[in-house]
Structure formats: C-alpha cells, structure tokens
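As structure tokens, the structure follows; a few thoughts come after it.
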Amino acid sequence: MSNRHLARTMAMQALYEWDFRGQDTSRLPELVAYVKQEFAKDFDDGGYVERQVAAIVSKVAELDGYLERFAPNWTVAGMTVMDRNILRLGMYELKYDSAIPSKVAINEAIELGKTFGGDASGKFVNGVLGAVYKAMVEAGELKEADKNTK
C-alpha cells in the first residue's frame, strides 16, 4: 500500500467515525489521533490526514450538495455512512485539492469503495465522481495537476 493511499484510508476512517458519532467537530483531533494510533502509529503523512479531514468537514455542506446533485437517485442521508464519506473525500480531492490530479482522486476513491464499502460501492463511487469530472471538463474547470498528466 502506498503512503498516500494509507493516508487516504486513515482520513476516510476518521471521517467515518466523525459522521457515525454525530459529526461533533470538537472531537476531530481525537478521532484523527485514534485512527493514526490504531492503523499506523509511526507513519508520517506530513499532516495530510489532519488537513484533509479538517478541510472536508469545513466544506461538508457544499460537498453534500454536489453529492445530491450528481447522485440524483440518492440523498446523502440515504447513502451508507461509508459510501458518503468515501465520496466526500473523493469529491474534495476532485474539486478542491489542486495538487491531486482528478483521475487519481477518482481512482483512489473507487479503490476505497471496493475495499471498505459494499458490493456495489466501487461502481457507485465511480458513477458519481465520473459525472462530476465530466461536468468539470465541460465547464473548463480542469486543475493544473490535470493539465500536467495528459
């Protein structure tokens, strides 16, 4: 498992805990510390997990709006806790993290869905994030990281 994939996995697990336990933002540092201690206590992610989790939580309403728009047959509340947090992480990286190429964000989210979600999670994540990416391309919203990976 690559270092960034491990860091994404830990970020997803912290988001899952945060969401499952009622979205208490005051507990975020504790949840992140717990996940890091349990899964990779000596792993130095350069602050990635803390940054991503904090950024996602700060934009959760906006991210959920995108999920509602691009998963039209689902509500965010109707999604499994795992799927919606994988999608939040993937959506954040896709839309807002300028250092991560869009296709990497999508592929990593699909892998998280396959590993941690249900039987159809990988396809669900692919469909939602693929639709967002298509809309970004049509609107000319490619990130600089995308332009360098063609």
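Ligands are numbered from 1 in the order shown, chains are lettered A, B, ... in the order of the structure tokens, and residues start at 1 in each chain.
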Practice problem: From the DSSP assignment of the backbone, select every residue of range 30-136 of chain A that is alpha helix (DSSP H), and format the answer as a ChimeraX atom specification. | Solution: /A:30-40,48-58,60-70,81-95,102-116,121-136
Find the residues near Tyr16 in chain A: any atom within 9 Å, counting only C-alpha atoms, skip ones fewer than 2 places away on the same chain, and give them as a PDB file with all heavy atoms, in the first residue's frame.
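As a result, out.pdb now contains:
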ATOM      1  N   ALA A  11      -7.763   8.959   6.583  1.00  0.00           N
ATOM      2  CA  ALA A  11      -8.667  10.107   6.513  1.00  0.00           C
ATOM      3  C   ALA A  11     -10.112   9.630   6.383  1.00  0.00           C
ATOM      4  O   ALA A  11     -11.017  10.136   7.058  1.00  0.00           O
ATOM      5  CB  ALA A  11      -8.288  11.012   5.345  1.00  0.00           C
ATOM      6  N   MET A  12     -10.343   8.651   5.534  1.00  0.00           N
ATOM      7  CA  MET A  12     -11.686   8.103   5.355  1.00  0.00           C
ATOM      8  C   MET A  12     -12.199   7.500   6.656  1.00  0.00           C
ATOM      9  O   MET A  12     -13.352   7.690   7.035  1.00  0.00           O
ATOM     10  CB  MET A  12     -11.670   7.070   4.229  1.00  0.00           C
ATOM     11  CG  MET A  12     -13.001   6.416   3.916  1.00  0.00           C
ATOM     12  SD  MET A  12     -13.359   4.935   4.885  1.00  0.00           S
ATOM     13  CE  MET A  12     -11.924   3.933   4.592  1.00  0.00           C
ATOM     14  N   GLN A  13     -11.337   6.787   7.371  1.00  0.00           N
ATOM     15  CA  GLN A  13     -11.760   6.181   8.625  1.00  0.00           C
ATOM     16  C   GLN A  13     -12.098   7.234   9.674  1.00  0.00           C
ATOM     17  O   GLN A  13     -13.073   7.087  10.424  1.00  0.00           O
ATOM     18  CB  GLN A  13     -10.676   5.227   9.133  1.00  0.00           C
ATOM     19  CG  GLN A  13     -10.575   3.993   8.272  1.00  0.00           C
ATOM     20  CD  GLN A  13      -9.343   3.161   8.550  1.00  0.00           C
ATOM     21  OE1 GLN A  13      -8.295   3.671   8.894  1.00  0.00           O
ATOM     22  NE2 GLN A  13      -9.492   1.855   8.390  1.00  0.00           N
ATOM     23  N   ALA A  14     -11.330   8.315   9.721  1.00  0.00           N
ATOM     24  CA  ALA A  14     -11.627   9.401  10.660  1.00  0.00           C
ATOM     25  C   ALA A  14     -12.946  10.073  10.290  1.00  0.00           C
ATOM     26  O   ALA A  14     -13.760  10.392  11.165  1.00  0.00           O
ATOM     27  CB  ALA A  14     -10.481  10.410  10.684  1.00  0.00           C
ATOM     28  N   TRP A  18     -16.296  10.326  12.595  1.00  0.00           N
ATOM     29  CA  TRP A  18     -16.893  11.639  12.838  1.00  0.00           C
ATOM     30  C   TRP A  18     -18.371  11.642  12.463  1.00  0.00           C
ATOM     31  O   TRP A  18     -19.218  12.107  13.224  1.00  0.00           O
ATOM     32  CB  TRP A  18     -16.111  12.688  12.037  1.00  0.00           C
ATOM     33  CG  TRP A  18     -16.776  14.020  11.945  1.00  0.00           C
ATOM     34  CD1 TRP A  18     -16.812  14.985  12.915  1.00  0.00           C
ATOM     35  CD2 TRP A  18     -17.494  14.543  10.824  1.00  0.00           C
ATOM     36  NE1 TRP A  18     -17.513  16.069  12.456  1.00  0.00           N
ATOM     37  CE2 TRP A  18     -17.938  15.824  11.177  1.00  0.00           C
ATOM     38  CE3 TRP A  18     -17.793  14.048   9.551  1.00  0.00           C
ATOM     39  CZ2 TRP A  18     -18.670  16.623  10.305  1.00  0.00           C
ATOM     40  CZ3 TRP A  18     -18.515  14.837   8.691  1.00  0.00           C
ATOM     41  CH2 TRP A  18     -18.948  16.112   9.070  1.00  0.00           C
ATOM     42  N   ASP A  19     -18.685  11.110  11.303  1.00  0.00           N
ATOM     43  CA  ASP A  19     -20.058  11.071  10.812  1.00  0.00           C
ATOM     44  C   ASP A  19     -20.910  10.119  11.655  1.00  0.00           C
ATOM     45  O   ASP A  19     -22.006  10.459  12.100  1.00  0.00           O
ATOM     46  CB  ASP A  19     -20.050  10.643   9.344  1.00  0.00           C
ATOM     47  CG  ASP A  19     -21.358  10.898   8.622  1.00  0.00           C
ATOM     48  OD1 ASP A  19     -22.276  11.525   9.191  1.00  0.00           O
ATOM     49  OD2 ASP A  19     -21.459  10.475   7.450  1.00  0.00           O
ATOM     50  N   PHE A  20     -20.401   8.934  11.909  1.00  0.00           N
ATOM     51  CA  PHE A  20     -21.122   7.914  12.661  1.00  0.00           C
ATOM     52  C   PHE A  20     -21.432   8.372  14.085  1.00  0.00           C
ATOM     53  O   PHE A  20     -22.483   8.068  14.634  1.00  0.00           O
ATOM     54  CB  PHE A  20     -20.304   6.615  12.688  1.00  0.00           C
ATOM     55  CG  PHE A  20     -20.996   5.470  13.358  1.00  0.00           C
ATOM     56  CD1 PHE A  20     -21.983   4.762  12.686  1.00  0.00           C
ATOM     57  CD2 PHE A  20     -20.669   5.109  14.657  1.00  0.00           C
ATOM     58  CE1 PHE A  20     -22.635   3.696  13.311  1.00  0.00           C
ATOM     59  CE2 PHE A  20     -21.306   4.050  15.277  1.00  0.00           C
ATOM     60  CZ  PHE A  20     -22.295   3.345  14.606  1.00  0.00           C
ATOM     61  N   ARG A  21     -20.528   9.139  14.656  1.00  0.00           N
ATOM     62  CA  ARG A  21     -20.677   9.590  16.043  1.00  0.00           C
ATOM     63  C   ARG A  21     -21.348  10.953  16.165  1.00  0.00           C
ATOM     64  O   ARG A  21     -21.241  11.603  17.205  1.00  0.00           O
ATOM     65  CB  ARG A  21     -19.332   9.588  16.753  1.00  0.00           C
ATOM     66  CG  ARG A  21     -18.735   8.200  16.845  1.00  0.00           C
ATOM     67  CD  ARG A  21     -17.423   8.209  17.590  1.00  0.00           C
ATOM     68  NE  ARG A  21     -16.826   6.898  17.618  1.00  0.00           N
ATOM     69  CZ  ARG A  21     -17.110   5.958  18.505  1.00  0.00           C
ATOM     70  NH1 ARG A  21     -17.999   6.185  19.434  1.00  0.00           N
ATOM     71  NH2 ARG A  21     -16.494   4.793  18.455  1.00  0.00           N
ATOM     72  N   VAL A  81     -22.996   5.223   5.514  1.00  0.00           N
ATOM     73  CA  VAL A  81     -22.019   6.125   6.126  1.00  0.00           C
ATOM     74  C   VAL A  81     -20.672   5.981   5.418  1.00  0.00           C
ATOM     75  O   VAL A  81     -19.989   6.973   5.150  1.00  0.00           O
ATOM     76  CB  VAL A  81     -21.888   5.848   7.641  1.00  0.00           C
ATOM     77  CG1 VAL A  81     -20.817   6.730   8.269  1.00  0.00           C
ATOM     78  CG2 VAL A  81     -23.218   6.046   8.347  1.00  0.00           C
ATOM     79  N   MET A  82     -20.311   4.757   5.086  1.00  0.00           N
ATOM     80  CA  MET A  82     -19.033   4.519   4.418  1.00  0.00           C
ATOM     81  C   MET A  82     -19.007   5.175   3.038  1.00  0.00           C
ATOM     82  O   MET A  82     -18.073   5.916   2.712  1.00  0.00           O
ATOM     83  CB  MET A  82     -18.775   3.011   4.289  1.00  0.00           C
ATOM     84  CG  MET A  82     -17.420   2.675   3.740  1.00  0.00           C
ATOM     85  SD  MET A  82     -16.054   3.304   4.736  1.00  0.00           S
ATOM     86  CE  MET A  82     -16.200   2.302   6.210  1.00  0.00           C
ATOM     87  N   ARG A  84     -20.827   7.600   1.721  1.00  0.00           N
ATOM     88  CA  ARG A  84     -20.871   9.069   1.678  1.00  0.00           C
ATOM     89  C   ARG A  84     -19.552   9.683   2.109  1.00  0.00           C
ATOM     90  O   ARG A  84     -19.160  10.732   1.611  1.00  0.00           O
ATOM     91  CB  ARG A  84     -22.072   9.621   2.428  1.00  0.00           C
ATOM     92  CG  ARG A  84     -22.025   9.623   3.896  1.00  0.00           C
ATOM     93  CD  ARG A  84     -23.244  10.351   4.489  1.00  0.00           C
ATOM     94  NE  ARG A  84     -23.423   9.976   5.862  1.00  0.00           N
ATOM     95  CZ  ARG A  84     -24.448   9.283   6.331  1.00  0.00           C
ATOM     96  NH1 ARG A  84     -25.423   8.917   5.528  1.00  0.00           N
ATOM     97  NH2 ARG A  84     -24.529   8.990   7.604  1.00  0.00           N
ATOM     98  N   ASN A  85     -18.823   9.035   3.006  1.00  0.00           N
ATOM     99  CA  ASN A  85     -17.539   9.605   3.420  1.00  0.00           C
ATOM    100  C   ASN A  85     -16.427   9.324   2.423  1.00  0.00           C
ATOM    101  O   ASN A  85     -15.540  10.153   2.246  1.00  0.00           O
ATOM    102  CB  ASN A  85     -17.204   9.164   4.842  1.00  0.00           C
ATOM    103  CG  ASN A  85     -18.058   9.939   5.810  1.00  0.00           C
ATOM    104  OD1 ASN A  85     -17.857  11.136   5.989  1.00  0.00           O
ATOM    105  ND2 ASN A  85     -19.060   9.298   6.379  1.00  0.00           N
ATOM    106  N   ILE A  86     -16.494   8.204   1.747  1.00  0.00           N
ATOM    107  CA  ILE A  86     -15.574   7.969   0.632  1.00  0.00           C
ATOM    108  C   ILE A  86     -15.841   9.005  -0.460  1.00  0.00           C
ATOM    109  O   ILE A  86     -14.916   9.596  -1.009  1.00  0.00           O
ATOM    110  CB  ILE A  86     -15.726   6.537   0.085  1.00  0.00           C
ATOM    111  CG1 ILE A  86     -15.211   5.529   1.116  1.00  0.00           C
ATOM    112  CG2 ILE A  86     -14.994   6.381  -1.251  1.00  0.00           C
ATOM    113  CD1 ILE A  86     -15.555   4.082   0.804  1.00  0.00           C
TER     114      ILE A  86
END
Self-check item: Pick from A:Ala99, A:Ala40, A:Val60, A:Val128, whichever lies nearest to Trp74 in chain A using only C-alpha atoms
Solution: A:Val128
Self-check item: Pro101 in chain A surroundings by only C-alpha atoms, 9 Å radius, close-in-sequence under 4 positions cut, as a PyMOL selection string
Solution: chain A and resi 93-94+97+105-106+143-149
Just the selected residues (C-alpha atoms), exported as a short mmCIF file (atom, residue, chain, number, x, y, z; two decimals), in the first residue's frame, please.
data_model
loop_
_atom_site.label_atom_id
_atom_site.label_comp_id
_atom_site.auth_asym_id
_atom_site.auth_seq_id
_atom_site.Cartn_x
_atom_site.Cartn_y
_atom_site.Cartn_z
CA GLU A 93 -9.82 15.91 -3.78
CA LEU A 94 -11.51 16.14 -7.17
CA ASP A 97 -7.21 19.78 -3.88
CA ALA A 105 -8.74 11.30 -6.83
CA ILE A 106 -11.39 9.24 -8.64
CA LYS A 143 -6.95 21.69 -12.37
CA GLU A 144 -3.33 22.46 -13.15
CA ALA A 145 -2.46 18.95 -11.95
CA ASP A 146 -4.78 17.57 -14.68
CA LYS A 147 -3.10 19.58 -17.40
CA ASN A 148 0.26 18.10 -16.43
CA THR A 149 -0.96 14.48 -16.61
#
Practice problem: Could you check which of A:Val132, A:Leu31, A:Asp83, A:Ala54 is closest to Ile110 in chain A, using only C-alpha atoms? | Solution: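 For Ile110 in chain A, the nearest of the candidates is A:Asp83.
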Quiz prompt | All residues 12 Å or closer to Ala55 in chain A, only C-alpha atoms, same chain fewer than 2 positions away omitted, as a list in words | solution = Ala11, Leu15, Thr25, Leu28, Tyr48, Val49, Glu50, Arg51, Gln52, Val53, Val57, Ser58, Lys59, Val60, Ala61, Glu62, Leu63, Arg88, Leu89, Met91, Tyr92, Glu93, Lys95, Tyr96 and Asp97 of chain A
Keeping only C-alpha atoms, take the residues you just selected and write them out as a CSV table (one decimal), in the first residue's frame.
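Written output follows (selection.csv):
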chain,number,residue,atom,x,y,z
A,11,ALA,CA,-8.7,10.1,6.5
A,15,LEU,CA,-14.4,10.9,8.6
A,25,THR,CA,-16.2,18.8,15.1
A,28,LEU,CA,-11.9,15.7,15.2
A,48,TYR,CA,-2.2,15.0,5.2
A,49,VAL,CA,-4.8,13.3,7.3
A,50,GLU,CA,-5.4,16.3,9.6
A,51,ARG,CA,-5.5,18.7,6.6
A,52,GLN,CA,-7.9,16.6,4.5
A,53,VAL,CA,-10.3,15.8,7.3
A,57,VAL,CA,-15.5,18.8,7.5
A,58,SER,CA,-15.4,22.6,6.8
A,59,LYS,CA,-16.9,22.1,3.3
A,60,VAL,CA,-19.3,19.2,4.2
A,61,ALA,CA,-22.5,21.1,3.3
A,62,GLU,CA,-21.0,22.1,-0.1
A,63,LEU,CA,-19.7,18.6,-0.8
A,88,ARG,CA,-16.8,13.3,0.4
A,89,LEU,CA,-13.1,12.6,0.4
A,91,MET,CA,-15.2,14.9,-4.1
A,92,TYR,CA,-13.0,17.2,-2.0
A,93,GLU,CA,-9.8,15.9,-3.8
A,95,LYS,CA,-12.9,19.7,-6.8
A,96,TYR,CA,-10.6,21.4,-4.3
A,97,ASP,CA,-7.2,19.8,-3.9
Practice problem: To one decimal in Å, tell me the separation between CA of Met79 in chain A and CA of Asp24 in chain A. | Solution: 19.5 Å
Quiz prompt | For Gly65 in chain A, the nearest of the candidates A:Phe39, A:Asp44, A:Leu87, A:Ala139, counting only C-alpha atoms | solution =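 That would be A:Leu87, the residue with the smallest distance to Gly65 in chain A.
For the residues A:Ala131, A:Val137, A:Ala120, A:Ala7, ranking by smallest atom-to-atom distance to Pro72 in chain A using only C-alpha atoms places A:Ala131 first.
We find CA of Ile56 in chain A and CA of Glu17 in chain A to be spaced 13.6 Å apart.
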Quiz item: To one decimal place, how far is CA of Gly46 in chain A from CA of Gln23 in chain A in Å?
Solution: 24.6 Å
